file structure39.csv (CSV, C-alpha atoms and all ligand atoms)
chain,number,residue,atom,x,y,z
A,993,MET,CA,-51.4,-12.0,22.9
A,994,ILE,CA,-47.8,-11.0,22.1
A,995,SER,CA,-46.2,-8.2,24.1
A,996,ALA,CA,-46.2,-4.5,23.1
A,997,ALA,CA,-42.4,-4.8,22.7
A,998,LEU,CA,-42.6,-7.7,20.3
A,999,SER,CA,-45.4,-6.1,18.3
A,1000,ARG,CA,-43.1,-3.2,17.5
A,1001,ILE,CA,-40.8,-5.5,15.5
A,1002,ALA,CA,-41.1,-7.8,12.5
A,1003,ALA,CA,-39.2,-11.1,11.9
A,1004,SER,CA,-35.8,-10.7,10.2
A,1005,ARG,CA,-36.4,-10.4,6.5
A,1006,THR,CA,-32.9,-11.8,5.6
A,1007,THR,CA,-33.6,-15.0,7.6
A,1008,ALA,CA,-37.3,-15.0,6.4
A,1009,MET,CA,-36.3,-15.0,2.7
A,1010,THR,CA,-33.6,-17.7,3.4
A,1011,ASP,CA,-36.2,-19.9,5.2
A,1012,ARG,CA,-38.5,-19.4,2.2
A,1013,ALA,CA,-35.8,-20.4,-0.3
A,1014,ILE,CA,-35.0,-23.5,1.8
A,1015,ALA,CA,-38.7,-24.5,2.0
A,1016,LEU,CA,-39.1,-24.1,-1.8
A,1017,ARG,CA,-35.9,-26.1,-2.4
A,1018,GLU,CA,-37.1,-28.9,-0.1
A,1019,GLY,CA,-40.3,-28.9,-2.1
A,1020,GLY,CA,-38.3,-29.6,-5.2
A,1021,ALA,CA,-37.9,-26.1,-6.7
A,1022,ASP,CA,-34.6,-25.1,-8.2
A,1023,ILE,CA,-33.7,-22.0,-6.2
A,1024,ILE,CA,-30.3,-20.3,-5.9
A,1025,SER,CA,-30.2,-18.5,-2.6
A,1026,LEU,CA,-28.3,-15.2,-2.7
A,1027,SER,CA,-30.3,-13.9,0.3
A,1028,VAL,CA,-28.3,-14.8,3.3
A,1029,GLY,CA,-24.9,-13.5,4.2
A,1030,GLU,CA,-23.0,-16.7,4.8
A,1031,PRO,CA,-19.7,-17.8,3.2
A,1032,ASP,CA,-20.1,-20.9,1.2
A,1033,PHE,CA,-16.6,-22.1,2.1
A,1034,ALA,CA,-16.1,-25.0,4.4
A,1035,THR,CA,-15.1,-24.1,8.0
A,1036,PRO,CA,-11.3,-24.6,8.2
A,1037,PRO,CA,-10.2,-28.1,9.2
A,1038,HIS,CA,-8.3,-27.0,12.3
A,1039,VAL,CA,-11.5,-25.4,13.6
A,1040,ILE,CA,-13.5,-28.5,13.1
A,1041,ALA,CA,-10.7,-30.6,14.8
A,1042,ALA,CA,-10.9,-28.2,17.8
A,1043,ALA,CA,-14.7,-28.7,18.1
A,1044,LYS,CA,-14.3,-32.5,17.9
A,1045,SER,CA,-11.5,-32.5,20.5
A,1046,ALA,CA,-13.7,-30.4,22.8
A,1047,LEU,CA,-16.4,-33.0,22.6
A,1048,ASP,CA,-14.0,-35.8,23.2
A,1049,ALA,CA,-12.5,-34.1,26.1
A,1050,GLY,CA,-15.9,-33.7,27.8
A,1051,ASP,CA,-15.9,-30.0,27.3
A,1052,THR,CA,-19.7,-30.1,27.3
A,1053,LYS,CA,-20.6,-28.2,30.5
A,1054,TYR,CA,-21.5,-24.7,31.5
A,1055,THR,CA,-18.7,-22.1,31.1
A,1056,ALA,CA,-18.5,-18.6,32.6
A,1057,VAL,CA,-21.5,-16.7,31.3
A,1058,GLY,CA,-19.4,-14.2,29.2
A,1059,GLY,CA,-17.1,-16.9,27.8
A,1060,THR,CA,-14.1,-18.9,28.9
A,1061,ALA,CA,-10.9,-17.1,29.9
A,1062,ARG,CA,-9.2,-19.0,27.1
A,1063,LEU,CA,-11.5,-17.5,24.5
A,1064,LYS,CA,-11.4,-14.0,26.0
A,1065,ASN,CA,-7.6,-14.1,25.7
A,1066,ALA,CA,-7.9,-15.4,22.1
A,1067,ALA,CA,-10.4,-12.7,21.3
A,1068,ALA,CA,-8.0,-10.1,22.8
A,1069,LEU,CA,-5.4,-11.4,20.3
A,1070,HIS,CA,-7.9,-11.1,17.5
A,1071,PHE,CA,-8.8,-7.5,18.4
A,1072,ALA,CA,-5.1,-6.5,18.6
A,1073,ARG,CA,-3.9,-8.4,15.5
A,1074,ASP,CA,-6.8,-7.8,13.2
A,1075,LEU,CA,-8.3,-4.4,14.3
A,1076,GLY,CA,-5.3,-2.8,16.0
A,1077,LEU,CA,-7.4,-2.6,19.2
A,1078,ASP,CA,-5.5,-3.3,22.5
A,1079,VAL,CA,-8.1,-4.3,25.0
A,1080,PRO,CA,-7.7,-6.4,28.2
A,1081,ALA,CA,-9.6,-9.7,28.4
A,1082,ASN,CA,-11.8,-8.4,31.2
A,1083,GLN,CA,-13.2,-5.8,28.8
A,1084,ILE,CA,-14.3,-8.6,26.3
A,1085,THR,CA,-17.5,-10.7,26.3
A,1086,VAL,CA,-18.5,-13.6,24.2
A,1087,SER,CA,-22.1,-14.2,23.0
A,1088,ALA,CA,-24.1,-16.5,20.7
A,1089,GLY,CA,-23.2,-14.5,17.6
A,1090,GLY,CA,-22.5,-10.8,17.0
A,1091,LYS,CA,-26.3,-10.3,16.8
A,1092,GLN,CA,-26.7,-11.3,20.5
A,1093,ALA,CA,-24.0,-8.9,21.6
A,1094,ILE,CA,-25.8,-6.1,19.8
A,1095,PHE,CA,-29.1,-7.2,21.2
A,1096,HIS,CA,-27.8,-7.2,24.8
A,1097,ALA,CA,-25.9,-3.9,24.5
A,1098,LEU,CA,-29.0,-2.1,23.3
A,1099,LEU,CA,-31.4,-3.8,25.7
A,1100,ALA,CA,-29.0,-3.1,28.6
A,1101,THR,CA,-28.8,0.6,27.9
A,1102,LEU,CA,-31.8,2.0,26.2
A,1103,ASN,CA,-34.7,3.7,28.0
A,1104,PRO,CA,-38.1,4.5,26.3
A,1105,GLY,CA,-37.7,7.3,23.8
A,1106,ASP,CA,-33.9,7.2,23.6
A,1107,GLU,CA,-32.7,7.8,20.1
A,1108,VAL,CA,-30.4,5.6,18.1
A,1109,LEU,CA,-28.7,6.9,15.0
A,1110,ILE,CA,-28.5,4.4,12.2
A,1111,PRO,CA,-27.0,5.1,8.8
A,1112,ALA,CA,-29.3,3.8,6.1
A,1113,PRO,CA,-29.3,1.4,4.3
A,1114,TRP,CA,-28.7,-0.6,7.4
A,1115,TRP,CA,-28.5,-4.2,8.5
A,1116,VAL,CA,-32.0,-5.5,9.1
A,1117,SER,CA,-31.7,-6.2,12.8
A,1118,TYR,CA,-30.4,-2.8,14.0
A,1119,PRO,CA,-33.7,-0.9,13.8
A,1120,GLU,CA,-35.7,-3.9,15.0
A,1121,ILE,CA,-33.5,-4.5,18.1
A,1122,THR,CA,-33.7,-0.7,18.8
A,1123,ARG,CA,-37.5,-0.7,18.7
A,1124,PHE,CA,-37.8,-3.9,20.8
A,1125,ALA,CA,-35.6,-2.2,23.4
A,1126,GLY,CA,-37.9,0.9,23.5
A,1127,GLY,CA,-35.6,3.1,21.5
A,1128,VAL,CA,-36.5,5.4,18.6
A,1129,VAL,CA,-34.8,4.8,15.3
A,1130,VAL,CA,-33.3,7.9,13.7
A,1131,PRO,CA,-32.2,7.1,10.2
A,1132,ILE,CA,-29.3,9.0,8.6
A,1133,ALA,CA,-29.7,8.6,4.8
A,1134,THR,CA,-26.7,7.8,2.7
A,1135,THR,CA,-26.2,7.6,-1.1
A,1136,ALA,CA,-24.3,5.5,-3.5
A,1137,ALA,CA,-22.5,8.6,-4.7
A,1138,GLY,CA,-21.3,9.2,-1.2
A,1139,GLY,CA,-20.1,5.7,-0.7
A,1140,PHE,CA,-23.1,5.0,1.5
A,1141,ARG,CA,-21.1,6.8,4.3
A,1142,ILE,CA,-22.6,9.4,6.7
A,1143,THR,CA,-20.7,12.7,7.0
A,1144,ALA,CA,-19.7,14.6,10.1
A,1145,ALA,CA,-22.3,17.3,9.2
A,1146,GLN,CA,-25.1,14.7,9.0
A,1147,LEU,CA,-24.0,13.3,12.3
A,1148,GLU,CA,-24.0,16.7,14.0
A,1149,ALA,CA,-27.4,17.5,12.6
A,1150,ALA,CA,-28.9,14.2,13.8
A,1151,ILE,CA,-27.7,14.3,17.4
A,1152,THR,CA,-30.2,15.6,20.0
A,1153,PRO,CA,-30.2,15.5,23.8
A,1154,ARG,CA,-32.1,12.1,23.5
A,1155,THR,CA,-29.4,10.5,21.4
A,1156,ARG,CA,-28.0,7.4,23.2
A,1157,TRP,CA,-26.2,5.4,20.4
A,1158,LEU,CA,-24.7,5.8,17.0
A,1159,LEU,CA,-24.5,2.4,15.1
A,1160,LEU,CA,-21.6,2.2,12.7
A,1161,ASN,CA,-20.9,-0.9,10.5
A,1162,SER,CA,-17.7,-0.8,8.4
A,1163,PRO,CA,-17.4,-2.6,6.1
A,1164,GLY,CA,-21.2,-2.4,6.0
A,1165,ASN,CA,-24.0,-4.8,5.3
A,1166,PRO,CA,-25.8,-4.3,2.9
A,1167,THR,CA,-23.8,-1.7,1.0
A,1168,GLY,CA,-20.1,-2.5,1.6
A,1169,ALA,CA,-19.7,1.1,3.0
A,1170,THR,CA,-16.2,1.3,4.4
A,1171,TYR,CA,-15.0,4.2,6.6
A,1172,SER,CA,-11.4,5.4,6.3
A,1173,ALA,CA,-9.4,6.7,9.3
A,1174,GLU,CA,-10.0,10.2,8.0
A,1175,ASP,CA,-13.8,9.6,7.8
A,1176,LEU,CA,-13.7,8.3,11.4
A,1177,LEU,CA,-11.6,11.2,12.6
A,1178,ALA,CA,-14.2,13.6,11.3
A,1179,LEU,CA,-17.1,11.7,13.0
A,1180,GLY,CA,-15.0,11.5,16.1
A,1181,ALA,CA,-14.6,15.2,16.3
A,1182,VAL,CA,-18.4,15.6,16.4
A,1183,LEU,CA,-18.8,12.8,18.9
A,1184,ALA,CA,-16.2,14.5,21.2
A,1185,ARG,CA,-18.7,17.3,21.6
A,1186,HIS,CA,-21.4,14.9,22.7
A,1187,PRO,CA,-20.1,12.9,25.6
A,1188,ASP,CA,-23.3,11.0,26.3
A,1189,VAL,CA,-23.5,9.3,22.9
A,1190,LEU,CA,-22.3,5.6,22.9
A,1191,VAL,CA,-21.0,4.1,19.6
A,1192,LEU,CA,-21.5,0.6,18.4
A,1193,SER,CA,-18.7,-0.3,15.9
A,1194,ASP,CA,-19.8,-3.5,14.2
A,1195,ASP,CA,-16.5,-4.7,12.6
A,1196,ILE,CA,-17.6,-8.2,11.8
A,1197,TYR,CA,-16.6,-7.8,8.1
A,1198,ALA,CA,-13.2,-6.2,8.8
A,1199,PRO,CA,-11.2,-9.1,7.3
A,1200,LEU,CA,-13.2,-8.8,4.0
A,1201,ARG,CA,-12.0,-5.4,2.6
A,1202,TYR,CA,-11.1,-4.9,-1.0
A,1203,THR,CA,-9.4,-1.5,-0.6
A,1204,PRO,CA,-5.7,-1.0,0.1
A,1205,GLY,CA,-4.6,0.0,3.6
A,1206,ALA,CA,-5.3,-1.2,7.1
A,1207,HIS,CA,-8.8,-1.5,8.6
A,1208,ALA,CA,-9.9,1.6,10.5
A,1209,THR,CA,-12.0,1.3,13.6
A,1210,LEU,CA,-13.3,4.2,15.8
A,1211,ALA,CA,-11.8,3.1,19.2
A,1212,VAL,CA,-8.3,3.0,17.6
A,1213,VAL,CA,-8.6,6.1,15.4
A,1214,CYS,CA,-10.1,8.1,18.3
A,1215,PRO,CA,-8.7,6.6,21.5
A,1216,ASP,CA,-10.3,9.4,23.5
A,1217,LEU,CA,-13.7,7.9,22.6
A,1218,ALA,CA,-12.7,4.3,23.4
A,1219,ASP,CA,-14.4,4.4,26.8
A,1220,ARG,CA,-17.8,4.7,25.1
A,1221,VAL,CA,-17.2,2.5,22.0
A,1222,LEU,CA,-18.4,-1.1,21.8
A,1223,THR,CA,-16.5,-2.9,19.1
A,1224,VAL,CA,-18.2,-6.1,17.9
A,1225,SER,CA,-16.6,-8.9,15.9
A,1226,GLY,CA,-16.7,-12.6,15.5
A,1227,VAL,CA,-15.8,-15.7,13.6
A,1228,SER,CA,-19.0,-16.2,11.5
A,1229,LYS,CA,-18.0,-14.3,8.4
A,1230,SER,CA,-14.2,-14.5,8.6
A,1231,HIS,CA,-14.0,-18.3,9.4
A,1232,ALA,CA,-17.2,-19.5,7.8
A,1233,MET,CA,-18.6,-20.4,11.2
A,1234,THR,CA,-22.1,-19.0,11.0
A,1235,GLY,CA,-23.6,-22.1,12.6
A,1236,PHE,CA,-21.3,-22.1,15.6
A,1237,ARG,CA,-22.9,-18.8,16.8
A,1238,ILE,CA,-20.0,-17.0,18.4
A,1239,GLY,CA,-19.6,-13.2,18.6
A,1240,VAL,CA,-17.2,-11.2,20.6
A,1241,ALA,CA,-17.5,-7.6,21.9
A,1242,ALA,CA,-14.9,-5.3,23.4
A,1243,GLY,CA,-15.9,-2.1,25.3
A,1244,PRO,CA,-15.9,-0.2,28.6
A,1245,ALA,CA,-16.0,-2.5,31.7
A,1246,TRP,CA,-19.4,-1.2,32.9
A,1247,LEU,CA,-21.1,-2.0,29.6
A,1248,ILE,CA,-19.5,-5.5,29.3
A,1249,ALA,CA,-20.7,-6.2,32.8
A,1250,ALA,CA,-24.2,-5.0,32.0
A,1251,MET,CA,-24.3,-7.2,28.9
A,1252,GLU,CA,-23.1,-10.2,30.9
A,1253,ARG,CA,-25.7,-9.5,33.6
A,1254,LEU,CA,-28.4,-9.7,30.9
A,1255,GLN,CA,-26.9,-12.7,29.2
A,1256,SER,CA,-26.8,-14.6,32.6
A,1257,HIS,CA,-30.6,-14.6,32.3
A,1258,SER,CA,-31.1,-15.0,28.5
A,1259,SER,CA,-28.9,-17.7,27.0
A,1260,GLY,CA,-26.3,-18.1,29.7
A,1261,ASN,CA,-22.9,-19.0,28.2
A,1262,PRO,CA,-22.5,-19.5,24.5
A,1263,SER,CA,-21.9,-23.2,23.5
A,1264,SER,CA,-18.8,-24.6,25.1
A,1265,ILE,CA,-18.0,-26.5,21.9
A,1266,SER,CA,-18.3,-23.5,19.8
A,1267,GLN,CA,-16.1,-21.5,22.2
A,1268,ALA,CA,-13.3,-24.1,21.8
A,1269,ALA,CA,-13.7,-23.9,18.0
A,1270,ALA,CA,-13.5,-20.1,18.2
A,1271,VAL,CA,-10.2,-20.3,20.2
A,1272,ALA,CA,-8.8,-22.3,17.3
A,1273,ALA,CA,-10.1,-19.8,14.8
A,1274,PHE,CA,-8.5,-16.8,16.5
A,1275,GLU,CA,-5.3,-18.5,17.5
A,1276,GLY,CA,-4.8,-20.8,14.4
A,1277,PRO,CA,-3.5,-20.0,10.9
A,1278,GLN,CA,-5.1,-17.1,9.2
A,1279,ALA,CA,-3.4,-17.6,5.8
A,1280,PHE,CA,-6.5,-19.1,4.1
A,1281,LEU,CA,-8.2,-15.7,4.5
A,1282,ALA,CA,-6.1,-14.1,1.8
A,1283,GLU,CA,-7.3,-16.7,-0.7
A,1284,TRP,CA,-11.0,-16.3,0.4
A,1285,ARG,CA,-10.7,-12.5,0.1
A,1286,GLU,CA,-9.4,-12.9,-3.5
A,1287,ARG,CA,-12.3,-15.3,-4.3
A,1288,PHE,CA,-14.8,-12.8,-2.9
A,1289,ARG,CA,-13.1,-9.9,-4.7
A,1290,ASN,CA,-13.4,-11.8,-8.1
A,1291,ARG,CA,-17.0,-12.7,-7.4
A,1292,ARG,CA,-17.8,-9.1,-6.5
A,1293,ASP,CA,-16.2,-7.8,-9.7
A,1294,SER,CA,-18.1,-10.3,-11.9
A,1295,VAL,CA,-21.5,-9.9,-10.1
A,1296,VAL,CA,-21.3,-6.1,-10.3
A,1297,ALA,CA,-20.3,-6.2,-14.0
A,1298,ALA,CA,-23.1,-8.6,-14.8
A,1299,ILE,CA,-25.7,-6.4,-12.9
A,1300,ASN,CA,-24.6,-3.3,-14.7
A,1301,ALA,CA,-24.9,-5.1,-18.0
A,1302,ILE,CA,-28.7,-5.6,-17.4
A,1303,PRO,CA,-30.7,-2.7,-18.6
A,1304,GLY,CA,-32.5,-1.0,-15.7
A,1305,LEU,CA,-30.2,-2.4,-13.0
A,1306,SER,CA,-27.1,-0.8,-11.6
A,1307,ALA,CA,-24.8,-1.4,-8.6
A,1308,PRO,CA,-21.7,0.4,-7.3
A,1309,LEU,CA,-18.6,-1.7,-6.5
A,1310,PRO,CA,-18.7,-2.4,-2.7
A,1311,ASP,CA,-15.4,-1.8,-0.8
A,1312,GLY,CA,-16.0,-4.6,1.6
A,1313,ALA,CA,-18.2,-7.4,3.0
A,1314,PHE,CA,-20.0,-9.7,0.4
A,1315,TYR,CA,-23.1,-7.9,-0.6
A,1316,CYS,CA,-24.1,-5.6,-3.4
A,1317,MET,CA,-27.0,-3.3,-3.4
A,1318,VAL,CA,-28.7,-3.3,-6.7
A,1319,ASP,CA,-30.7,-0.2,-7.8
A,1320,ALA,CA,-33.7,-1.1,-9.9
A,1321,ALA,CA,-35.4,2.3,-9.9
A,1322,PRO,CA,-35.9,2.6,-13.7
A,1323,LEU,CA,-37.9,-0.7,-13.5
A,1324,MET,CA,-40.1,-0.1,-10.5
A,1325,HIS,CA,-43.1,1.1,-12.6
A,1326,ARG,CA,-43.4,-2.6,-13.7
A,1327,PHE,CA,-43.6,-3.7,-10.1
A,1328,GLY,CA,-46.4,-1.4,-8.9
A,1329,ALA,CA,-44.3,1.5,-7.6
A,1330,TRP,CA,-42.3,4.5,-8.2
A,1331,GLY,CA,-40.3,6.1,-5.4
A,1332,SER,CA,-40.0,4.4,-2.1
A,1333,ASN,CA,-43.2,2.2,-2.2
A,1334,GLN,CA,-42.1,-0.8,-0.2
A,1335,ASP,CA,-44.5,-3.1,-2.1
A,1336,GLY,CA,-42.6,-2.5,-5.3
A,1337,ASP,CA,-39.3,-3.9,-4.3
A,1338,GLU,CA,-40.9,-6.8,-2.4
A,1339,ALA,CA,-42.8,-7.6,-5.6
A,1340,LEU,CA,-39.5,-7.4,-7.6
A,1341,ALA,CA,-37.8,-9.8,-5.1
A,1342,LEU,CA,-40.8,-12.2,-5.4
A,1343,HIS,CA,-40.6,-12.0,-9.2
A,1344,LEU,CA,-36.9,-13.0,-9.0
A,1345,LEU,CA,-37.8,-15.8,-6.6
A,1346,GLU,CA,-40.2,-17.1,-9.1
A,1347,ALA,CA,-37.3,-17.0,-11.6
A,1348,GLY,CA,-35.3,-19.2,-9.2
A,1349,VAL,CA,-33.1,-16.6,-7.3
A,1350,ALA,CA,-33.7,-15.6,-3.7
A,1351,VAL,CA,-32.6,-12.0,-3.0
A,1352,VAL,CA,-33.7,-9.6,-0.3
A,1353,ALA,CA,-35.7,-6.4,-1.1
A,1354,ALA,CA,-33.9,-3.1,-0.4
A,1355,SER,CA,-36.8,-2.0,1.9
A,1356,ALA,CA,-35.7,-4.6,4.4
A,1357,PHE,CA,-32.6,-2.5,4.9
A,1358,GLY,CA,-34.2,0.9,5.0
A,1359,GLY,CA,-33.5,1.3,1.3
A,1360,ALA,CA,-35.8,1.4,-1.7
A,1361,ASP,CA,-36.3,0.4,-5.3
A,1362,GLY,CA,-33.9,-2.5,-5.5
A,1363,PHE,CA,-32.5,-5.5,-3.8
A,1364,ARG,CA,-29.4,-7.0,-2.0
A,1365,ILE,CA,-27.4,-9.8,-3.5
A,1366,SER,CA,-25.0,-11.8,-1.3
A,1367,PHE,CA,-22.1,-12.9,-3.4
A,1368,ALA,CA,-21.0,-15.4,-0.8
A,1369,ALA,CA,-22.0,-18.2,-3.1
A,1370,ASP,CA,-19.9,-20.3,-5.5
A,1371,GLU,CA,-18.9,-19.0,-8.9
A,1372,ALA,CA,-21.1,-21.4,-10.9
A,1373,LYS,CA,-24.2,-20.6,-8.8
A,1374,LEU,CA,-23.5,-16.8,-9.2
A,1375,THR,CA,-23.2,-17.1,-13.0
A,1376,GLU,CA,-26.4,-19.0,-13.2
A,1377,ALA,CA,-28.2,-16.7,-10.8
A,1378,LEU,CA,-27.2,-13.7,-12.8
A,1379,ARG,CA,-28.4,-15.4,-16.0
A,1380,ARG,CA,-31.8,-16.0,-14.4
A,1381,ILE,CA,-32.0,-12.4,-13.1
A,1382,ALA,CA,-31.2,-11.0,-16.6
A,1383,LYS,CA,-33.8,-13.2,-18.1
A,1384,ALA,CA,-36.5,-12.3,-15.5
A,1385,ILE,CA,-35.8,-8.6,-15.9
B,1401,LIG,N1,-26.0,-11.1,8.7
B,1401,LIG,C1,-26.4,-12.0,7.6
B,1401,LIG,C2,-27.3,-11.3,6.6
B,1401,LIG,O1,-27.5,-10.1,6.6
B,1401,LIG,C3,-27.0,-13.2,8.2
B,1401,LIG,C4,-28.5,-13.2,8.4
B,1401,LIG,C5,-28.9,-12.2,9.5
B,1401,LIG,O2,-28.7,-12.5,10.6
B,1401,LIG,O3,-29.4,-11.2,9.1
B,1401,LIG,O4,-27.7,-11.9,5.7
call {"tool": "encode", "arguments": {"input": "structure39.csv", "output": "structure tokens", "more": "lines below"}}
Ligand code: GLU
result
Amino acid sequence: MISAALSRIAASRTTAMTDRAIALREGGADIISLSVGEPDFATPPHVIAAAKSALDAGDTKYTAVGGTARLKNAAALHFARDLGLDVPANQITVSAGGKQAIFHALLATLNPGDEVLIPAPWWVSYPEITRFAGGVVVPIATTAAGGFRITAAQLEAAITPRTRWLLLNSPGNPTGATYSAEDLLALGAVLARHPDVLVLSDDIYAPLRYTPGAHATLAVVCPDLADRVLTVSGVSKSHAMTGFRIGVAAGPAWLIAAMERLQSHSSGNPSSISQAAAVAAFEGPQAFLAEWRERFRNRRDSVVAAINAIPGLSAPLPDGAFYCMVDAAPLMHRFGAWGSNQDGDEALALHLLEAGVAVVAASAFGGADGFRISFAADEAKLTEALRRIAKAI
């Protein structure tokens, strides 16, 4: 018998679809996977070299639970250089991916019935982690017309005496929603009136923005709130290091200590070899990122144009990250649903899988009547995938 906590959650639908695509491929099927958010680029050579040197140097033992001093210092450099966030190394912790940092932060702070505000569409794991930790998911609906961003008025209306966290993700998965400094100032003014609300700022996609201007993050834009903001980042998306499993989080000392207390009993320290690689990622050359960003921008433009050329499908241009949310509402009657019937968009995703393209149904993200495409795949695969989608539709 599984526990009550586990029975409240389902397996990740992004990873489930990806596992399915891999299994079909291993069985000989020709499947292009646009389901997982993972850059197709090779991990930079200086990062690989650092991992190899760590192995050769016998860097294969336990480290401090929350990461080596070397990596915490490198992460402090990253937060300052890339996010404009000055934070001492003792207010930083390292975990096995950003996902684990978020998991530990929520598990360490939520009591049964505590409410967590999550802008929808959301990344699949936010609501599941919340429910596992005993929290109550309070969705805040966003629209394509509003850039998939919540407004200050929506935030004010959603906060209750039970609100414990607001989860912000900018640039966001799955919509690319990107908050400007002005947007964050408006949200910050509301949060200032509610001192018990903590904010998770998931900035993992910060290096992948396609709009002009600097990245804006809440702890910098509203320094008065910094003592209740946990800013999460990592190397997975920016340095194509998904398999290394390294995430970093910066926040108030009490929260960092609480997360490390929990981590001391869950995974212990993140992999020593991956930590050495992440030091190289943060401290080494960053110039390759400009080229990757351009590649992603071009892919974004051609994927969105190809989607909008298919009758019945539409997608707005995302401002960041490497996903686009495709609206298929005009076609849903063919897939057994109108409105927000979750079976409909799952049926559509399965139809596309049969046509040789793995995508993730919008309902996995608290959306409806559509699907998410990850354009972190090479150009030839994207072209062929879009041809298959057009034919299948
Ligand atoms: N964050 C990526 C995605 O949304 C990786 C898979 C996952 O952890 O959900 O596809």
call {"tool": "residues_near_ligand", "arguments": {"input": "structure39.csv", "ligand": "ligand LIG 1401 (chain B)", "cutoff": "6 Å", "atoms": "only C-alpha atoms and all ligand atoms", "output": "PyMOL selection string"}}
result
chain A and resi 1006-1007+1028-1029
call {"tool": "closest_residue", "arguments": {"input": "structure39.csv", "among": "A:Glu1338, A:Asp1361, A:Glu1371, A:Asp1048", "to": "A:Arg1289", "atoms": "only C-alpha atoms"}}
result
A:Glu1371
call {"tool": "closest_residue", "arguments": {"input": "structure39.csv", "among": "A:Val1079, A:Leu1047, A:Ile1132, A:Leu1344", "to": "A:Ala1269", "atoms": "all atoms listed in the file"}}
result
A:Leu1047
call {"tool": "residues_near_point", "arguments": {"input": "structure39.csv", "point": "(-28.5, 14.7, 22.8)", "cutoff": "9 Å", "atoms": "all atoms listed in the file", "output": "PyMOL selection string"}}
result
chain A and resi 1107+1151-1156+1186+1188-1189
call {"tool": "atom_distance", "arguments": {"input": "structure39.csv", "atom1": "atom CA of A:Gly1362", "atom2": "atom CA of A:Gly1312"}}
result
19.4 Å
call {"tool": "decode", "arguments": {"input": "structure39.csv", "residues": "stretch 1126-1167 of chain A", "atoms": "C-alpha atoms", "output": "PDB file, in the first residue's frame"}}
result
ATOM      1  CA  GLY A1126       0.321  18.512   2.362  1.00  0.00           C
ATOM      2  CA  GLY A1127      -0.266  21.912   0.796  1.00  0.00           C
ATOM      3  CA  VAL A1128      -3.296  23.082  -1.151  1.00  0.00           C
ATOM      4  CA  VAL A1129      -2.756  24.222  -4.741  1.00  0.00           C
ATOM      5  CA  VAL A1130      -4.371  27.591  -5.505  1.00  0.00           C
ATOM      6  CA  PRO A1131      -4.132  28.164  -9.270  1.00  0.00           C
ATOM      7  CA  ILE A1132      -3.992  31.701 -10.631  1.00  0.00           C
ATOM      8  CA  ALA A1133      -5.155  31.503 -14.243  1.00  0.00           C
ATOM      9  CA  THR A1134      -3.219  33.400 -16.905  1.00  0.00           C
ATOM     10  CA  THR A1135      -3.964  33.954 -20.587  1.00  0.00           C
ATOM     11  CA  ALA A1136      -1.942  34.123 -23.775  1.00  0.00           C
ATOM     12  CA  ALA A1137      -3.263  37.656 -24.298  1.00  0.00           C
ATOM     13  CA  GLY A1138      -1.832  38.655 -20.918  1.00  0.00           C
ATOM     14  CA  GLY A1139       1.568  37.123 -21.707  1.00  0.00           C
ATOM     15  CA  PHE A1140       0.736  34.262 -19.303  1.00  0.00           C
ATOM     16  CA  ARG A1141       1.673  36.605 -16.416  1.00  0.00           C
ATOM     17  CA  ILE A1142      -0.369  37.097 -13.249  1.00  0.00           C
ATOM     18  CA  THR A1143      -1.353  40.637 -12.305  1.00  0.00           C
ATOM     19  CA  ALA A1144      -1.055  42.385  -8.951  1.00  0.00           C
ATOM     20  CA  ALA A1145      -4.875  42.394  -8.665  1.00  0.00           C
ATOM     21  CA  GLN A1146      -5.013  38.625  -9.228  1.00  0.00           C
ATOM     22  CA  LEU A1147      -2.321  38.096  -6.607  1.00  0.00           C
ATOM     23  CA  GLU A1148      -4.110  40.294  -4.049  1.00  0.00           C
ATOM     24  CA  ALA A1149      -7.373  38.426  -4.647  1.00  0.00           C
ATOM     25  CA  ALA A1150      -5.727  35.010  -4.251  1.00  0.00           C
ATOM     26  CA  ILE A1151      -3.921  35.650  -0.944  1.00  0.00           C
ATOM     27  CA  THR A1152      -5.659  34.390   2.204  1.00  0.00           C
ATOM     28  CA  PRO A1153      -4.475  33.956   5.803  1.00  0.00           C
ATOM     29  CA  ARG A1154      -3.481  30.378   4.789  1.00  0.00           C
ATOM     30  CA  THR A1155      -1.190  31.441   1.939  1.00  0.00           C
ATOM     31  CA  ARG A1156       2.355  30.217   2.570  1.00  0.00           C
ATOM     32  CA  TRP A1157       4.057  30.448  -0.835  1.00  0.00           C
ATOM     33  CA  LEU A1158       3.802  32.118  -4.208  1.00  0.00           C
ATOM     34  CA  LEU A1159       5.663  30.190  -6.941  1.00  0.00           C
ATOM     35  CA  LEU A1160       7.036  32.384  -9.726  1.00  0.00           C
ATOM     36  CA  ASN A1161       8.882  31.055 -12.769  1.00  0.00           C
ATOM     37  CA  SER A1162      10.373  33.608 -15.178  1.00  0.00           C
ATOM     38  CA  PRO A1163      11.067  32.866 -17.973  1.00  0.00           C
ATOM     39  CA  GLY A1164       8.422  30.238 -17.428  1.00  0.00           C
ATOM     40  CA  ASN A1165       7.915  26.626 -18.356  1.00  0.00           C
ATOM     41  CA  PRO A1166       5.666  25.830 -20.314  1.00  0.00           C
ATOM     42  CA  THR A1167       4.633  29.274 -21.644  1.00  0.00           C
TER      43      THR A1167
END
